[in-house]
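Visitor: Just run10.csv, nothing more (CSV, C-alpha atoms and all ligand atoms):
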chain,number,residue,atom,x,y,z
A,1,MET,CA,58.4,190.9,-182.2
A,2,LYS,CA,62.1,191.0,-181.7
A,3,LYS,CA,63.9,192.4,-178.6
A,4,HIS,CA,64.9,196.0,-178.7
A,5,SER,CA,61.9,197.1,-180.9
A,6,THR,CA,60.5,200.3,-179.6
A,7,LEU,CA,57.2,200.5,-177.9
A,8,GLY,CA,55.9,202.6,-180.8
A,9,GLU,CA,56.8,199.9,-183.3
A,10,TYR,CA,55.3,197.3,-181.0
A,11,ILE,CA,52.0,199.1,-180.7
A,12,ILE,CA,51.6,199.5,-184.5
A,13,SER,CA,52.5,195.8,-185.2
A,14,ASN,CA,50.1,194.7,-182.4
A,15,GLN,CA,47.3,196.8,-183.9
A,16,ARG,CA,47.7,194.9,-187.3
A,17,LYS,CA,46.8,191.7,-185.5
A,18,PHE,CA,43.3,193.0,-184.8
A,19,LYS,CA,41.5,193.1,-188.2
A,20,GLY,CA,39.2,196.1,-188.5
A,21,SER,CA,40.8,197.8,-185.5
A,22,SER,CA,40.0,201.5,-185.3
A,23,GLY,CA,43.4,202.2,-183.7
A,24,GLU,CA,41.7,203.7,-180.6
A,25,LEU,CA,43.4,201.3,-178.2
A,26,SER,CA,46.8,202.0,-179.9
A,27,ARG,CA,46.2,205.8,-179.5
A,28,LEU,CA,45.3,205.2,-175.9
A,29,ILE,CA,48.4,203.2,-175.1
A,30,ASN,CA,50.4,205.9,-176.9
A,31,SER,CA,49.0,208.6,-174.7
A,32,ILE,CA,49.9,206.5,-171.6
A,33,ARG,CA,53.4,206.2,-172.9
A,34,LEU,CA,53.6,210.0,-173.3
A,35,ALA,CA,52.2,210.7,-169.8
A,36,ALA,CA,54.6,208.1,-168.3
A,37,LYS,CA,57.6,210.0,-169.8
A,38,VAL,CA,56.4,213.3,-168.4
A,39,VAL,CA,55.8,211.8,-164.9
A,40,ASN,CA,59.1,210.0,-165.1
A,41,HIS,CA,60.9,213.2,-165.7
A,42,GLU,CA,59.3,214.8,-162.6
A,43,VAL,CA,59.8,211.7,-160.4
A,44,ASN,CA,63.5,211.9,-161.3
A,45,LYS,CA,63.7,215.5,-160.3
A,46,ALA,CA,61.9,214.9,-157.0
A,47,GLY,CA,65.1,215.2,-154.9
A,48,LEU,CA,66.1,218.4,-156.7
A,49,VAL,CA,63.1,220.6,-156.5
A,50,ASP,CA,60.8,221.6,-153.8
A,51,ILE,CA,58.2,219.1,-154.6
A,52,LEU,CA,58.4,216.9,-151.5
A,53,GLY,CA,55.9,217.0,-148.7
A,54,ASP,CA,52.2,216.9,-148.5
A,55,ALA,CA,50.2,218.9,-151.0
A,56,GLY,CA,47.8,219.8,-148.2
A,57,ASP,CA,44.9,217.9,-149.6
A,58,THR,CA,43.4,214.7,-148.3
A,59,ASN,CA,41.9,212.3,-150.9
A,60,ILE,CA,38.6,210.5,-150.5
A,61,GLN,CA,40.2,207.6,-148.6
A,62,GLY,CA,41.4,210.0,-146.0
A,63,GLU,CA,45.1,209.8,-146.9
A,64,ASP,CA,47.4,212.8,-147.2
A,65,GLN,CA,48.4,213.4,-150.8
A,66,GLN,CA,52.0,214.0,-151.7
A,67,LYS,CA,52.6,216.7,-154.3
A,68,LEU,CA,53.8,214.2,-156.8
A,69,ASP,CA,50.4,212.3,-156.5
A,70,VAL,CA,48.7,215.5,-157.5
A,71,TYR,CA,51.1,216.1,-160.3
A,72,ALA,CA,50.9,212.6,-161.7
A,73,ASN,CA,47.1,212.6,-161.5
A,74,ASP,CA,47.0,215.9,-163.4
A,75,ILE,CA,49.3,214.7,-166.1
A,76,PHE,CA,47.5,211.4,-166.7
A,77,MET,CA,44.0,213.1,-166.5
A,78,GLN,CA,45.0,215.9,-168.9
A,79,THR,CA,46.8,213.7,-171.4
A,80,LEU,CA,43.9,211.2,-171.6
A,81,THR,CA,41.2,213.8,-171.7
A,82,ASN,CA,42.8,216.4,-174.0
A,83,ARG,CA,43.4,213.9,-176.7
A,84,GLN,CA,39.8,212.7,-176.6
A,85,ILE,CA,40.6,209.1,-177.1
A,86,ILE,CA,38.5,207.8,-174.2
A,87,CYS,CA,35.0,208.6,-173.0
A,88,GLY,CA,35.6,208.5,-169.2
A,89,ILE,CA,38.2,208.1,-166.6
A,90,ALA,CA,38.3,207.3,-162.9
A,91,SER,CA,41.3,207.9,-160.7
A,92,GLU,CA,42.3,206.9,-157.2
A,93,GLU,CA,42.9,210.6,-156.5
A,94,GLU,CA,39.5,211.8,-157.7
A,95,ASP,CA,36.3,211.5,-155.6
A,96,ASP,CA,34.2,210.6,-158.7
A,97,PHE,CA,34.7,209.4,-162.3
A,98,VAL,CA,35.1,212.1,-165.0
A,99,THR,CA,33.0,212.2,-168.1
A,100,ILE,CA,34.8,213.3,-171.3
A,101,SER,CA,32.5,215.0,-173.7
A,102,GLY,CA,33.9,215.7,-177.2
A,103,ASP,CA,34.3,219.1,-178.9
A,104,ASN,CA,30.7,219.3,-180.0
A,105,GLY,CA,29.4,217.4,-177.0
A,106,ASN,CA,29.6,214.1,-178.9
A,107,ASN,CA,32.0,211.5,-177.9
A,108,ASP,CA,31.9,208.2,-179.7
A,109,ASN,CA,35.1,206.8,-178.1
A,110,LYS,CA,34.5,203.3,-176.6
A,111,TYR,CA,37.2,203.0,-173.9
A,112,ILE,CA,37.3,204.1,-170.2
A,113,VAL,CA,40.4,204.1,-168.0
A,114,LEU,CA,40.9,203.5,-164.3
A,115,ILE,CA,44.2,204.7,-162.9
A,116,ASP,CA,46.3,204.8,-159.8
A,117,PRO,CA,48.5,207.7,-161.0
A,118,LEU,CA,51.2,207.3,-158.3
A,119,ASP,CA,51.5,204.1,-156.4
A,120,GLY,CA,53.7,203.8,-153.4
A,121,SER,CA,53.7,207.6,-152.9
A,122,SER,CA,55.1,207.3,-149.3
A,123,ASN,CA,58.4,206.2,-150.9
A,124,ILE,CA,59.0,209.3,-152.9
A,125,ASP,CA,60.8,211.3,-150.3
A,126,VAL,CA,63.2,208.4,-149.5
A,127,ASN,CA,64.2,207.8,-153.1
A,128,VAL,CA,62.5,204.4,-153.4
A,129,SER,CA,60.7,203.2,-156.6
A,130,VAL,CA,57.1,204.3,-157.2
A,131,GLY,CA,54.7,203.5,-160.0
A,132,THR,CA,51.6,204.1,-162.0
A,133,ILE,CA,48.9,201.4,-162.6
A,134,PHE,CA,46.2,201.6,-165.4
A,135,SER,CA,43.3,199.5,-166.4
A,136,ILE,CA,41.2,199.8,-169.6
A,137,TYR,CA,37.7,198.6,-170.4
A,138,LYS,CA,35.1,199.1,-173.1
A,139,ARG,CA,32.1,201.1,-172.0
A,140,ILE,CA,28.9,199.0,-171.6
A,141,THR,CA,26.4,201.9,-171.9
A,142,LYS,CA,25.3,203.4,-175.2
A,143,SER,CA,28.0,205.0,-177.3
A,144,GLY,CA,27.7,208.8,-177.6
A,145,THR,CA,26.0,209.3,-174.3
A,146,PRO,CA,27.7,210.3,-171.0
A,147,VAL,CA,29.4,207.4,-169.3
A,148,GLN,CA,27.8,206.0,-166.2
A,149,LEU,CA,29.0,204.4,-162.9
A,150,GLU,CA,28.2,200.9,-164.3
A,151,ASP,CA,30.8,201.5,-167.1
A,152,PHE,CA,33.4,201.6,-164.3
A,153,LEU,CA,32.0,198.8,-162.1
A,154,GLN,CA,32.8,196.0,-164.5
A,155,GLU,CA,34.4,192.8,-163.3
A,156,GLY,CA,38.1,192.6,-163.9
A,157,ASN,CA,37.7,189.8,-166.3
A,158,GLN,CA,36.3,192.3,-168.8
A,159,GLN,CA,39.5,194.3,-169.0
A,160,ILE,CA,40.8,195.0,-172.5
A,161,ALA,CA,44.3,196.0,-171.3
A,162,ALA,CA,46.1,196.8,-168.1
A,163,GLY,CA,49.6,197.7,-167.1
A,164,TYR,CA,52.0,199.6,-164.9
A,165,ILE,CA,54.9,201.9,-165.1
A,166,VAL,CA,57.7,201.4,-162.5
A,167,TYR,CA,59.9,204.5,-161.9
A,168,GLY,CA,62.8,202.5,-160.6
A,169,THR,CA,66.5,202.2,-161.1
A,170,SER,CA,65.4,202.2,-164.7
A,171,THR,CA,61.9,203.1,-165.8
A,172,MET,CA,59.7,200.4,-167.3
A,173,LEU,CA,56.3,200.2,-168.9
A,174,VAL,CA,54.8,196.7,-168.6
A,175,TYR,CA,51.4,195.9,-170.1
A,176,THR,CA,49.0,193.3,-171.5
A,177,THR,CA,46.2,193.4,-174.0
A,178,GLY,CA,45.3,189.8,-173.1
A,179,HIS,CA,48.0,188.2,-175.2
A,180,GLY,CA,50.8,187.8,-172.7
A,181,VAL,CA,52.8,190.5,-170.8
A,182,ASN,CA,55.6,192.6,-172.3
A,183,GLY,CA,58.0,194.9,-170.6
A,184,PHE,CA,59.6,198.0,-172.2
A,185,THR,CA,62.6,199.9,-170.7
A,186,LEU,CA,63.0,203.6,-171.1
A,187,ASN,CA,66.2,205.0,-172.6
A,188,PRO,CA,66.1,208.4,-170.8
A,189,ALA,CA,68.7,209.9,-173.1
A,190,ILE,CA,66.3,209.8,-176.1
A,191,GLY,CA,63.0,209.2,-174.4
A,192,THR,CA,62.2,205.9,-176.1
A,193,PHE,CA,60.9,202.7,-174.6
A,194,TYR,CA,62.5,199.5,-175.9
A,195,LEU,CA,61.1,196.0,-175.6
A,196,SER,CA,63.4,194.5,-173.1
A,197,HIS,CA,61.3,191.9,-171.4
A,198,PRO,CA,59.2,190.0,-174.0
A,199,ASP,CA,56.6,187.5,-172.8
A,200,MET,CA,57.1,188.0,-169.1
A,201,MET,CA,56.1,184.9,-167.0
A,202,PHE,CA,55.9,184.4,-163.2
A,203,PRO,CA,58.0,181.4,-162.2
A,204,GLU,CA,55.5,178.7,-161.0
A,205,ASN,CA,57.3,178.6,-157.7
A,206,GLY,CA,59.3,181.2,-155.8
A,207,THR,CA,61.0,181.8,-152.5
A,208,ILE,CA,60.0,185.4,-151.8
A,209,TYR,CA,57.0,186.5,-149.7
A,210,SER,CA,56.0,190.2,-149.6
A,211,ILE,CA,53.7,191.4,-146.8
A,212,ASN,CA,53.7,194.2,-144.2
A,213,GLU,CA,54.5,191.8,-141.4
A,214,GLY,CA,54.4,194.7,-138.8
A,215,ASN,CA,50.7,194.2,-138.9
A,216,TYR,CA,51.0,190.5,-138.0
A,217,ILE,CA,49.0,190.8,-134.8
A,218,HIS,CA,46.0,192.1,-136.8
A,219,PHE,CA,46.0,189.5,-139.5
A,220,PRO,CA,43.4,186.7,-140.0
A,221,GLN,CA,44.5,183.3,-138.6
A,222,GLY,CA,44.9,181.8,-142.2
A,223,VAL,CA,47.5,184.5,-143.0
A,224,LYS,CA,49.3,184.0,-139.7
A,225,ASP,CA,49.5,180.2,-140.4
A,226,TYR,CA,50.7,180.8,-143.9
A,227,LEU,CA,53.5,183.1,-142.6
A,228,LYS,CA,54.6,180.4,-140.2
A,229,TYR,CA,54.8,178.0,-143.1
A,230,CYS,CA,56.9,180.5,-145.1
A,231,GLN,CA,59.3,180.6,-142.2
A,232,GLU,CA,59.6,176.9,-141.5
A,233,GLU,CA,62.8,175.0,-142.3
A,234,GLU,CA,61.7,172.5,-145.1
A,235,ASN,CA,62.8,172.0,-148.7
A,236,ASP,CA,63.2,175.5,-150.2
A,237,ARG,CA,61.9,177.2,-147.0
A,238,PRO,CA,62.3,179.5,-145.1
A,239,TYR,CA,61.5,182.0,-147.8
A,240,SER,CA,63.0,185.4,-148.0
A,241,ALA,CA,60.9,188.4,-146.9
A,242,ARG,CA,61.0,191.4,-149.3
A,243,TYR,CA,58.6,194.3,-148.9
A,244,ILE,CA,59.2,197.6,-150.6
A,245,GLY,CA,55.8,199.1,-149.8
A,246,SER,CA,55.1,200.0,-153.5
A,247,LEU,CA,52.7,197.4,-154.9
A,248,VAL,CA,54.1,198.0,-158.4
A,249,SER,CA,57.7,197.4,-157.3
A,250,ASP,CA,57.0,194.4,-155.1
A,251,PHE,CA,54.9,192.9,-158.0
A,252,HIS,CA,57.6,193.6,-160.6
A,253,ARG,CA,60.3,191.9,-158.5
A,254,ASN,CA,58.1,188.9,-157.7
A,255,MET,CA,57.1,188.4,-161.4
A,256,ILE,CA,60.7,188.3,-162.4
A,257,LYS,CA,62.1,186.3,-159.5
A,258,GLY,CA,59.0,184.3,-158.3
A,259,GLY,CA,57.2,185.2,-155.2
A,260,ILE,CA,53.9,186.0,-153.5
A,261,TYR,CA,52.5,189.4,-152.5
A,262,ILE,CA,49.8,189.6,-149.8
A,263,TYR,CA,47.8,192.6,-148.5
A,264,PRO,CA,45.2,190.8,-146.3
A,265,THR,CA,42.3,192.1,-144.3
A,266,SER,CA,43.2,193.0,-140.8
A,267,THR,CA,41.5,194.2,-137.7
A,268,LYS,CA,42.8,197.7,-138.6
A,269,SER,CA,41.6,197.6,-142.2
A,270,PRO,CA,38.8,195.0,-142.3
A,271,LYS,CA,38.5,195.1,-146.1
A,272,GLY,CA,42.2,195.3,-146.8
A,273,LYS,CA,43.9,198.4,-148.1
A,274,LEU,CA,44.3,198.0,-151.8
A,275,ARG,CA,41.6,199.2,-154.2
A,276,LEU,CA,39.9,196.6,-156.4
A,277,LEU,CA,39.5,198.8,-159.5
A,278,TYR,CA,42.8,200.8,-159.5
A,279,GLU,CA,45.2,198.3,-158.1
A,280,CYS,CA,44.0,194.7,-157.7
A,281,ASN,CA,42.2,194.1,-161.0
A,282,PRO,CA,44.9,195.5,-163.3
A,283,MET,CA,47.6,193.6,-161.3
A,284,ALA,CA,45.4,190.4,-161.4
A,285,PHE,CA,45.0,190.6,-165.2
A,286,LEU,CA,48.8,191.0,-165.6
A,287,THR,CA,49.3,188.1,-163.1
A,288,GLU,CA,47.1,185.7,-165.0
A,289,GLN,CA,48.5,186.8,-168.4
A,290,ALA,CA,52.0,186.0,-166.9
A,291,GLY,CA,50.9,182.5,-165.7
A,292,GLY,CA,50.4,183.5,-162.1
A,293,LYS,CA,47.4,183.5,-159.7
A,294,ALA,CA,45.5,186.3,-158.0
A,295,SER,CA,42.7,186.1,-155.5
A,296,ASP,CA,41.2,187.7,-152.4
A,297,GLY,CA,42.4,184.5,-150.5
A,298,TYR,CA,39.2,182.7,-151.4
A,299,MET,CA,38.0,183.7,-154.9
A,300,ARG,CA,39.6,184.9,-158.2
A,301,THR,CA,40.1,188.7,-158.0
A,302,LEU,CA,38.9,189.1,-161.6
A,303,ASP,CA,35.5,187.6,-160.8
A,304,ILE,CA,34.7,189.9,-157.9
A,305,LYS,CA,31.7,192.0,-158.7
A,306,PRO,CA,32.6,195.7,-157.9
A,307,THR,CA,30.0,197.6,-155.9
A,308,GLU,CA,31.8,201.0,-155.6
A,309,LEU,CA,34.5,203.0,-157.3
A,310,HIS,CA,37.0,203.1,-154.3
A,311,GLN,CA,36.2,199.6,-153.0
A,312,ARG,CA,39.0,197.8,-151.1
A,313,VAL,CA,39.7,194.1,-151.2
A,314,PRO,CA,42.3,191.8,-149.7
A,315,PHE,CA,44.9,190.7,-152.3
A,316,PHE,CA,47.0,187.6,-152.8
A,317,CYS,CA,49.0,187.4,-156.0
A,318,GLY,CA,52.1,185.9,-157.6
A,319,SER,CA,53.6,182.6,-158.5
A,320,LYS,CA,50.8,180.1,-159.1
A,321,ASN,CA,51.8,177.4,-156.7
A,322,MET,CA,52.6,179.8,-153.9
A,323,VAL,CA,49.2,181.5,-154.1
A,324,ALA,CA,47.5,178.1,-154.2
A,325,VAL,CA,49.2,177.1,-150.9
A,326,ALA,CA,48.3,180.3,-149.3
A,327,GLU,CA,44.6,179.7,-150.3
A,328,GLU,CA,44.7,176.3,-148.7
A,329,PHE,CA,45.7,177.9,-145.4
A,330,MET,CA,42.8,180.5,-145.8
A,331,LYS,CA,40.3,177.6,-146.4
A,332,ASN,CA,40.9,176.3,-142.9
A,333,HIS,CA,39.3,179.5,-141.5
A,334,PRO,CA,35.9,180.9,-142.4
A,335,LYS,CA,35.9,184.0,-144.4
A,336,ASP,CA,35.7,187.1,-142.2
A,337,ALA,CA,32.1,188.3,-142.0
A,338,THR,CA,33.2,191.9,-142.3
A,339,TYR,CA,34.7,191.3,-145.7
B,401,LIG,P1,49.2,204.4,-152.9
B,401,LIG,O1,50.5,205.1,-152.7
B,401,LIG,O2,48.7,204.5,-154.3
B,401,LIG,O3,48.2,204.9,-151.8
B,401,LIG,O4,49.4,202.8,-152.6
B,401,LIG,C1,50.2,202.4,-151.6
B,401,LIG,C2,49.8,200.9,-151.4
B,401,LIG,C3,50.7,199.9,-152.2
B,401,LIG,O5,51.5,200.4,-153.2
B,401,LIG,C4,51.6,199.3,-151.1
B,401,LIG,O6,51.9,198.0,-151.4
B,401,LIG,C5,50.8,199.5,-149.9
B,401,LIG,O7,50.0,200.6,-150.1
B,401,LIG,C6,51.7,199.6,-148.7
B,401,LIG,O8,50.8,199.7,-147.6
B,401,LIG,P2,51.4,199.6,-146.1
B,401,LIG,O9,52.3,200.8,-145.8
B,401,LIG,O10,50.2,199.5,-145.2
B,401,LIG,O11,52.2,198.3,-146.0
B,402,MN,MN,48.4,202.5,-154.9
B,403,MN,MN,48.2,206.2,-155.5
Translate the structure described by the file into structure tokens.

Guide:
Amino acid sequence: MKKHSTLGEYIISNQRKFKGSSGELSRLINSIRLAAKVVNHEVNKAGLVDILGDAGDTNIQGEDQQKLDVYANDIFMQTLTNRQIICGIASEEEDDFVTISGDNGNNDNKYIVLIDPLDGSSNIDVNVSVGTIFSIYKRITKSGTPVQLEDFLQEGNQQIAAGYIVYGTSTMLVYTTGHGVNGFTLNPAIGTFYLSHPDMMFPENGTIYSINEGNYIHFPQGVKDYLKYCQEEENDRPYSARYIGSLVSDFHRNMIKGGIYIYPTSTKSPKGKLRLLYECNPMAFLTEQAGGKASDGYMRTLDIKPTELHQRVPFFCGSKNMVAVAEEFMKNHPKDATY
């Protein structure tokens, strides 16, 4: 597919590659594209309208929700449920998964979606990039019946597609269906995404490390040792520290420039902070499709067996060789029993 094709054209040509495809996945990606444009419009207005501040609710993880979190959640939930192209959806902002029953109670759709509707929400009121992360699986329970928890607790290696939208200096939609990673940039004047970054690949090596180093004192010894290594004077080191505080934006930069992102366990958050199903698995799928490596410091993220919807895990991802070195440092210390 040539550069500057639109996302719409790309989706259609991609569908032709799958013989006998029902077009369900294409319709689903199309709906995400639509919701992304609506949320993008609202994110861009954030400084203009009275949408800043907490919405007053607290989500299941005990975090204050910003108004735009609620808005983005509503838009994605509505767009995906109204169009009846999936049979279930789980969101970081909802306590439980939602079953989508068709008009007459029947729903033969095969896909489920897991979503972090607004990632990096603490950055909204300071005009810094935020994002949306999505993950798509085929249900494993019987078609036509209500979805079950087990449909959502599949290993990340079962993902059919995953991606993110970064609402940045320009807005991009980046996704994979398991055949590499492609990035599309929105032309806001006409509301069209264009293929701007075909076949995105993590450089095998990089010189950026991204971690909230303010929590250093609480980090496991393996992470502390690795950070020392990043800061030593040797070959291409010391590396540069870059941390936006939006996983989507930190990831996007590292994929283009080469780097490693780490959100480890800590004495404050013994299981880490990021959610396996809404954040780590989709990012891990993209990482591997782009030639990078993603793990919990010890094992491949995509092979972790999920046990609950809002499960948190430590996350190491980025340039293959950088993550491999970080894992070597982790090996020298036994895995924390709490994780
Ligand atoms: P969310 O806004 O969806 O809750 O996610 C925020 C996440 C992630 O995007 C970011 O990398 C990380 O939290 C930042 O956490 P710290 O502020 O602890 O560094
Ligand atoms: Mn998030
Ligand atoms: Mn979020």

Visitor: Which residue out of A:Val181, A:Val248, A:Val70, A:Leu80 has the minimum interatomic distance to A:Val130 when all atoms listed in the file are used?

Guide: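 With all atoms listed in the file as the atom set, the closest residue is A:Val248.
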
Visitor: Identify which of the residues A:Thr171, A:Asn127, A:Ser240, A:Thr265 lies closest to ligand LIG 401 (chain B), counting all atoms listed in the file when measuring atom-to-atom distances.

Guide: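 With all atoms listed in the file as the atom set, the closest residue is A:Thr265.
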
Visitor: Show me, as JSON lines, the residues of chain A having an atom within 7 Å of ligand LIG 401 (chain B), each with the closest atom pair and its distance in Å, using only C-alpha atoms and all ligand atoms.

Guide:
{"residue": "A:Asp116", "atom": "CA", "partner": "B:LIG401", "partner_atom": "O2", "distance": 6.0}
{"residue": "A:Leu118", "atom": "CA", "partner": "B:LIG401", "partner_atom": "O2", "distance": 5.5}
{"residue": "A:Asp119", "atom": "CA", "partner": "B:LIG401", "partner_atom": "O2", "distance": 3.5}
{"residue": "A:Gly120", "atom": "CA", "partner": "B:LIG401", "partner_atom": "O1", "distance": 3.5}
{"residue": "A:Ser121", "atom": "CA", "partner": "B:LIG401", "partner_atom": "O1", "distance": 4.1}
{"residue": "A:Ser122", "atom": "CA", "partner": "B:LIG401", "partner_atom": "O1", "distance": 6.1}
{"residue": "A:Asn212", "atom": "CA", "partner": "B:LIG401", "partner_atom": "O11", "distance": 4.7}
{"residue": "A:Gly245", "atom": "CA", "partner": "B:LIG401", "partner_atom": "C6", "distance": 4.3}
{"residue": "A:Ser246", "atom": "CA", "partner": "B:LIG401", "partner_atom": "O5", "distance": 3.6}
{"residue": "A:Leu247", "atom": "CA", "partner": "B:LIG401", "partner_atom": "O6", "distance": 3.6}
{"residue": "A:Val248", "atom": "CA", "partner": "B:LIG401", "partner_atom": "O5", "distance": 6.3}
{"residue": "A:Lys273", "atom": "CA", "partner": "B:LIG401", "partner_atom": "O7", "distance": 6.8}
{"residue": "A:Leu274", "atom": "CA", "partner": "B:LIG401", "partner_atom": "C2", "distance": 6.2}

Visitor: To one decimal place, how far is atom CA of A:Ser22 from atom CA of A:Thr79 in Å?

Guide: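 Atom CA of A:Thr79 lies 19.7 Å from atom CA of A:Ser22.
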
Visitor: State, in Å with one decimal place, the distance from atom CA of A:Asn82 to atom CA of A:Asp151.

Guide: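 Rounded to one decimal, the two atoms are 20.3 Å apart.
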
Visitor: At a cut-off of 9 Å around ligand MN 403 (chain B), and using only C-alpha atoms and all ligand atoms, what residues come up? Please write them as a list in words.

Guide: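 After applying the 9 Å limit, what remains is Gln65, Asp69, Asn73, Ser91, Glu92, Glu93, Ile115, Asp116, Pro117, Leu118, Asp119, Gly120, Ser121, Gly131, Thr132, Ile133, Tyr278 and Glu279 of chain A.
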
Visitor: At what distance in Å, to one decimal, does atom CA of A:Arg275 lie from atom CA of A:Phe329?

Guide: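 Taking atom CA of A:Phe329 and atom CA of A:Arg275, their separation equals 23.4 Å.
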
Visitor: So which one's closest to ligand MN 402 (chain B), A:Ala161, A:Asp250, A:Cys317, A:Glu327? Using all atoms listed in the file, please.

Guide: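 Result for the nearest residue to ligand MN 402 (chain B): A:Asp250.
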
Visitor: A:Thr169, A:Asn123, A:Thr307, A:Ser295: which is nearest ligand MN 402 (chain B), counting all atoms listed in the file?

Guide: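 Nearest to ligand MN 402 (chain B): A:Asn123.
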
Visitor: Considering only C-alpha atoms and all ligand atoms, state which residue in the set A:Arg312, A:His179, A:Arg253, A:Lys3 is at the smallest distance from ligand MN 402 (chain B).

Guide: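 When distances to ligand MN 402 (chain B) are compared using only C-alpha atoms and all ligand atoms, the smallest one comes from A:Arg312.
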
Visitor: For ligand MN 402 (chain B), which of A:Ser101, A:Gln221, A:Ser249, A:Asn182 is the closest residue, counting only C-alpha atoms and all ligand atoms?

Guide: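 So, comparing all the options, the nearest one is A:Ser249.
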
Visitor: Can you tell me, as a PyMOL selection string, which residues sit within 9 Å of (62.5, 195.8, -179.6) in the file's frame, using all atoms listed in the file?

Guide: chain A and resi 1-7+9-10+184+193-196+198

Visitor: Do a neighbour search on A:Asn215 at 10 Å with only C-alpha atoms, toss out local chain neighbours closer than 6 positions, and write the hits as a list in words.

Guide: Pro264, Ser266, Thr267 and Lys268 of chain A
